[in-house]
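Have a look at the structure below, then the notes.
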Amino acid sequence: MPRRAYITTSIPYVNAAPHVGHALEFVQADIIRRFRELSGDEVFLLTGTDENSLKNVRAAELLKITTQELCDRNSKLFRDLVDGINLKYDVFFRSSDKKSHFAGAQRLWELCDQAGDIYKKEYSGLYCVGCEAFYTEGELEDGLCPEHKTRPELVHEENYFFKLSKYEKRLLKLIESGEFEIIPKGRRNEILNLVKGGLEDISISRSVSRSKGWGVPVPGDPEQIMYVWIDALSSYINGIGFGTDEKNFKKWWPADLHVIGKGISRFHTIYWPAILLSAGLDLPRRVFVHGYLTVGGEKMSKSNPKTAVSPLDVLKKYKADELRYYMIRDAPSFEDGDFSLVALKDRTNKELLGDLGNLVSRVLTIAEKSKLRSYTGKNVLGGDLDLGRIEKHFSAMELHEALEDVMGLVRGCNRYINEVEPWKLSGKQLEEALYNLLESIRIIGILLYPFVPDTSKRICKKLGCEMGNLQDCKFRDSFKGSIEKGEHLFKKVE
RNA sequence: AGCGAGGUAGGGUAGUCUGGAGUGCCCGCCGGGCUCAUAACCCGGAGAUCAGUGGUUCAAAUCCACUCCUCGCUACCA
């Protein structure tokens, strides 16, 4: 019986165009998803956009369009990116979608309220009159509004609060026991320290007037709109039917994995599980916190045009597989990595084309010339394959390590060709060499599926055999297939 | 300031938890081989006080202490 896995990416804000960092997260989530499928699991993946921000209201006003129009426009860019990078998703969820989102968010609020965890209290925050928005101290530049360069006022208003403090001990226990798993360990320790340092209750609403009515109304209080926490985080359950389709919700919840960036780990590993505990819902099993990308060694920021690399532009020149390969190959799973167009070109030309593409090309040329239909012989390359190790890397989220292992097989095949020199062989010896190479390529093709799905499918097609899953990643007694070399897998990028 | 993560050939990474010859991988550089392959592939080589100091140990990149440097976070950043 197949296991089920519900996986989510984070749902980024639509207040700016997607950058290469978003692309990295989508690729990571997709690789995890596709590997689970190779393992025979049934997977549901949610991605989407978070749109209920006051900043959107303001940005729309400046452009003289409605907030919804602004969200539609920006959300489309993210949708173009997930499509362009070949993220296989089941739902593209938008938190401005009243039908699917509002009911669930309000239901979650009510459950927390029924648990006695929501109360009204005076909230004070730094408010910029020009922006008509609250800022956190971190968002300010030298204590001034980044846009107006004015000092925000300390404003007081009545808001609802969530009793986060109540869940301190339970959270600690869940994280320490591993029941709620935070990957990698370093992040887990970071969060444990935060929780041990004590949790304060959090503000979860804003007045209707300040939020201009944009967002999810607080149930039973026409004066208040939900602030980000219950609103945005509930997307993860609303997207699978919480509050609207209980049957589907029960089928997929709890999530197996949330894939998020390090900047939002606190909300996903403290606020979110606390809210779920309050509502009496199961917690996600795991949260995978990835690092960030720098561009050319510099931190990405709106004010630095050098770092404003649009993944959509990159995809005009590079295939999705090429960008996917580069991102995983060059960036470690857990820490920050650097994105550079030079390195992208090198990885594409040197490894995808030079190692993989060239391997397929040279083997298929020899195979076609051989005119054989079935290949058999002594298995000498099978020993290089350590499937257990690859699976271990995947379950530990060491995606770059898993990919390195697969590419090691590719290099092994190229080495083997140079050693046995099949172009000098004939008869049984040639058949044996080709048997080893074709079986290897078939298996490499399957193992590459999570990383470079299009390439994987094309390899299978050239070999004329079924894609298969993990169980097919072992040497069979003979290689059978109808080989057709066709076009090269990759073209050199100049 | 506090908290966190790092510092391994010219660059980038793995190895550190669980100590065992500086061991692996990628890019770059030098030399050679091959001619099946998209000037691709293969082999060899140069290049490192494993940030530093002190300690534990038969043995330290790895464990402990201290120091220096870099980066991140500090309450809606993928």
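Numbering starts fresh at 1 for the residues of each chain in the structure tokens, the chains themselves are lettered A, B, ... in the order given, and ligands are numbered from 1 as they appear.
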Would you list the contacts of stretch 96-100 of chain A as an MDAnalysis selection string, taking every protein, DNA or RNA residue within 12 Å and counting only C-alpha atoms (C1' of nucleotides), but skipping same-chain residues closer than 4 positions in sequence? chainID A and resid 13:14 48:53 56 67:72 75 91:92 104:107 214:217 231:232 234:245
Exercise answer, chain B residues close to chain A, 6 Å and only C-alpha atoms (C1' of nucleotides), as a PyMOL selection string: chain B and resi 36-37+40+42+77-78
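Proximity of A:Gln114, A:Ser211, A:Ala17, A:Cys460 to A:Lys485, computed with only C-alpha atoms, is greatest for A:Cys460.
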I need the strand (DSSP E) residues of stretch 1-123 of chain A per DSSP on the backbone, written as a PyMOL selection string. chain A and resi 4-8+42-49+91-94+118-123
Just the selected residues (N, CA, C and O atoms), exported as an mmCIF file, in the first residue's frame, please.
```cif
data_model
loop_
_atom_site.group_PDB
_atom_site.id
_atom_site.type_symbol
_atom_site.label_atom_id
_atom_site.label_comp_id
_atom_site.auth_asym_id
_atom_site.auth_seq_id
_atom_site.Cartn_x
_atom_site.Cartn_y
_atom_site.Cartn_z
ATOM 1 N N ARG A 4 1.289 7.963 1.885
ATOM 2 C CA ARG A 4 0.858 9.260 1.387
ATOM 3 C C ARG A 4 1.782 10.328 1.916
ATOM 4 O O ARG A 4 2.227 10.250 3.055
ATOM 5 N N ALA A 5 2.016 11.323 1.105
ATOM 6 C CA ALA A 5 2.840 12.434 1.573
ATOM 7 C C ALA A 5 2.282 13.742 1.038
ATOM 8 O O ALA A 5 2.081 13.902 -0.173
ATOM 9 N N TYR A 6 1.999 14.632 1.960
ATOM 10 C CA TYR A 6 1.565 15.979 1.587
ATOM 11 C C TYR A 6 2.750 16.907 1.805
ATOM 12 O O TYR A 6 3.303 16.976 2.897
ATOM 13 N N ILE A 7 3.163 17.565 0.739
ATOM 14 C CA ILE A 7 4.350 18.418 0.777
ATOM 15 C C ILE A 7 3.949 19.833 0.378
ATOM 16 O O ILE A 7 3.117 20.016 -0.520
ATOM 17 N N THR A 8 4.514 20.816 1.043
ATOM 18 C CA THR A 8 4.228 22.200 0.640
ATOM 19 C C THR A 8 5.523 22.972 0.410
ATOM 20 O O THR A 8 6.535 22.696 1.031
ATOM 21 N N GLU A 42 2.243 8.092 -2.787
ATOM 22 C CA GLU A 42 1.239 8.988 -3.363
ATOM 23 C C GLU A 42 1.487 10.373 -2.773
ATOM 24 O O GLU A 42 1.522 10.536 -1.557
ATOM 25 N N VAL A 43 1.651 11.368 -3.634
ATOM 26 C CA VAL A 43 2.065 12.685 -3.150
ATOM 27 C C VAL A 43 1.092 13.781 -3.588
ATOM 28 O O VAL A 43 0.545 13.737 -4.688
ATOM 29 N N PHE A 44 0.896 14.733 -2.691
ATOM 30 C CA PHE A 44 0.116 15.928 -3.020
ATOM 31 C C PHE A 44 0.983 17.119 -2.671
ATOM 32 O O PHE A 44 1.515 17.199 -1.565
ATOM 33 N N LEU A 45 1.169 18.025 -3.620
ATOM 34 C CA LEU A 45 2.040 19.172 -3.359
ATOM 35 C C LEU A 45 1.285 20.479 -3.528
ATOM 36 O O LEU A 45 0.587 20.679 -4.525
ATOM 37 N N LEU A 46 1.438 21.331 -2.529
ATOM 38 C CA LEU A 46 0.803 22.649 -2.573
ATOM 39 C C LEU A 46 1.856 23.734 -2.709
ATOM 40 O O LEU A 46 2.894 23.710 -2.061
ATOM 41 N N THR A 47 1.568 24.668 -3.626
ATOM 42 C CA THR A 47 2.375 25.875 -3.692
ATOM 43 C C THR A 47 1.381 27.016 -3.914
ATOM 44 O O THR A 47 0.185 26.772 -3.987
ATOM 45 N N GLY A 48 1.860 28.225 -4.014
ATOM 46 C CA GLY A 48 0.920 29.316 -4.214
ATOM 47 C C GLY A 48 1.481 30.641 -3.773
ATOM 48 O O GLY A 48 2.696 30.804 -3.683
ATOM 49 N N THR A 49 0.575 31.589 -3.531
ATOM 50 C CA THR A 49 1.030 32.916 -3.130
ATOM 51 C C THR A 49 0.196 33.447 -1.977
ATOM 52 O O THR A 49 -0.984 33.137 -1.844
ATOM 53 N N VAL A 91 -1.937 21.851 -6.280
ATOM 54 C CA VAL A 91 -2.728 23.059 -6.050
ATOM 55 C C VAL A 91 -1.811 24.266 -6.097
ATOM 56 O O VAL A 91 -0.742 24.254 -5.490
ATOM 57 N N PHE A 92 -2.233 25.288 -6.832
ATOM 58 C CA PHE A 92 -1.576 26.581 -6.730
ATOM 59 C C PHE A 92 -2.538 27.439 -5.933
ATOM 60 O O PHE A 92 -3.561 27.886 -6.451
ATOM 61 N N PHE A 93 -2.208 27.630 -4.672
ATOM 62 C CA PHE A 93 -3.153 28.224 -3.737
ATOM 63 C C PHE A 93 -2.927 29.714 -3.587
ATOM 64 O O PHE A 93 -1.801 30.172 -3.436
ATOM 65 N N ARG A 94 -4.031 30.465 -3.608
ATOM 66 C CA ARG A 94 -3.917 31.910 -3.442
ATOM 67 C C ARG A 94 -4.756 32.342 -2.244
ATOM 68 O O ARG A 94 -5.945 32.047 -2.188
ATOM 69 N N ILE A 118 -7.649 32.961 22.317
ATOM 70 C CA ILE A 118 -7.661 34.261 21.654
ATOM 71 C C ILE A 118 -8.294 35.291 22.587
ATOM 72 O O ILE A 118 -9.345 35.042 23.179
ATOM 73 N N TYR A 119 -7.627 36.394 22.757
ATOM 74 C CA TYR A 119 -8.168 37.446 23.619
ATOM 75 C C TYR A 119 -7.810 38.808 23.045
ATOM 76 O O TYR A 119 -6.910 38.912 22.196
ATOM 77 N N LYS A 120 -8.529 39.847 23.518
ATOM 78 C CA LYS A 120 -8.325 41.186 22.992
ATOM 79 C C LYS A 120 -7.413 41.979 23.922
ATOM 80 O O LYS A 120 -7.533 41.878 25.141
ATOM 81 N N LYS A 121 -6.522 42.715 23.332
ATOM 82 C CA LYS A 121 -5.580 43.483 24.151
ATOM 83 C C LYS A 121 -5.107 44.681 23.345
ATOM 84 O O LYS A 121 -5.183 44.675 22.110
ATOM 85 N N GLU A 122 -4.601 45.678 24.059
ATOM 86 C CA GLU A 122 -4.083 46.831 23.334
ATOM 87 C C GLU A 122 -2.758 46.453 22.665
ATOM 88 O O GLU A 122 -1.886 45.863 23.283
ATOM 89 N N TYR A 123 -2.665 46.770 21.391
ATOM 90 C CA TYR A 123 -1.449 46.510 20.641
ATOM 91 C C TYR A 123 -0.771 47.827 20.360
ATOM 92 O O TYR A 123 -1.417 48.824 20.045
#
```
List every residue of stretch 154-190 of chain A that DSSP, applied to the backbone, labels as alpha helix (DSSP H), and write the result as a PyMOL selection string. chain A and resi 168-177+185-190
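Here atom C1' of B:G54 and atom C1' of B:G6 stand 22.1 Å from one another.
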Computed interatomic separation between atom CA of A:Ile275 and atom CA of A:Val287 (Å): 15.6 Å
Determine, counting only C-alpha atoms (C1' of nucleotides), which protein, DNA and RNA residues have an atom within 10 Å of an atom of A:Arg476; residues of the same chain fewer than 3 positions away are not included. Present the result as a count of residues only. 10
